[in-house]
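S.K.: Pasting a structure below so you can have a look.
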Amino acid sequence: MLPHALVAPAGPEDDGGVGKQREDQEHGAEPARTALTADRARAMTAGLRDAMDDVLRSVAVLAARVRDAHAARVWLPLGYSSWESYCRAEFGISRALAGTVL
């Protein structure tokens with residue numbers, strides 16, 4: 001069995017895409033689908049939960065690293081005049097975006 005985050009699509013009629021419209025749907029007709037079992041729904045839900053947990057952990061790590069970098073004033077030894085210029089040059093993001101994780 002695949003780990004929850006790698007659960008395969010339900011079958012050939014389910015490519016795993018979200019919000020995609022296929023040719024057989026262009027006139028509003030919903031294609032026949034294989035019934036989703038409770039076990040499969042639980043496995044998919046567990047996979048979503050695991051993925052969300054992974055994202056939350058990653059965001060927490062990112063926030064801590066951004067706070068540490070800002071507190072250490074990492075831009076100065078790298079030759080940047082400000083946190084904003086550092087964020088723009090190194091990551092292509094604005095100070096405001098970088099500040100959302102501070």
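Within each chain, counting starts at residue 1; across the structure tokens, chains are named A, B, ... in the order shown, with ligands numbered 1 upward in that order.
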Quick one: residues within 12 Å of range 67-78 of chain A, only C-alpha atoms, excluding same-chain residues fewer than 3 positions away - as a CSV table (one decimal) with C-alpha atoms, in the first residue's frame?
M.R.:
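The new file selection.csv reads:
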chain,number,residue,atom,x,y,z
A,60,ALA,CA,6.6,26.6,11.2
A,61,VAL,CA,10.2,25.9,10.2
A,62,LEU,CA,10.1,28.7,7.6
A,63,ALA,CA,8.7,31.2,10.1
A,64,ALA,CA,11.4,30.3,12.7
A,81,SER,CA,21.2,47.9,2.7
A,82,SER,CA,17.9,46.6,4.2
A,83,TRP,CA,15.8,43.5,4.9
A,84,GLU,CA,13.6,44.6,2.0
A,85,SER,CA,16.4,44.7,-0.5
A,86,TYR,CA,17.7,41.4,0.8
A,87,CYS,CA,14.3,39.7,0.4
A,88,ARG,CA,13.8,41.1,-3.1
A,89,ALA,CA,17.3,40.1,-4.4
A,90,GLU,CA,17.6,36.7,-2.7
A,95,ARG,CA,9.3,42.8,2.6
A,98,ALA,CA,8.6,38.0,4.1
A,99,GLY,CA,6.9,39.8,7.0
A,100,THR,CA,3.9,37.5,6.9
A,101,VAL,CA,6.0,34.7,8.5
A,102,LEU,CA,7.7,36.9,11.1
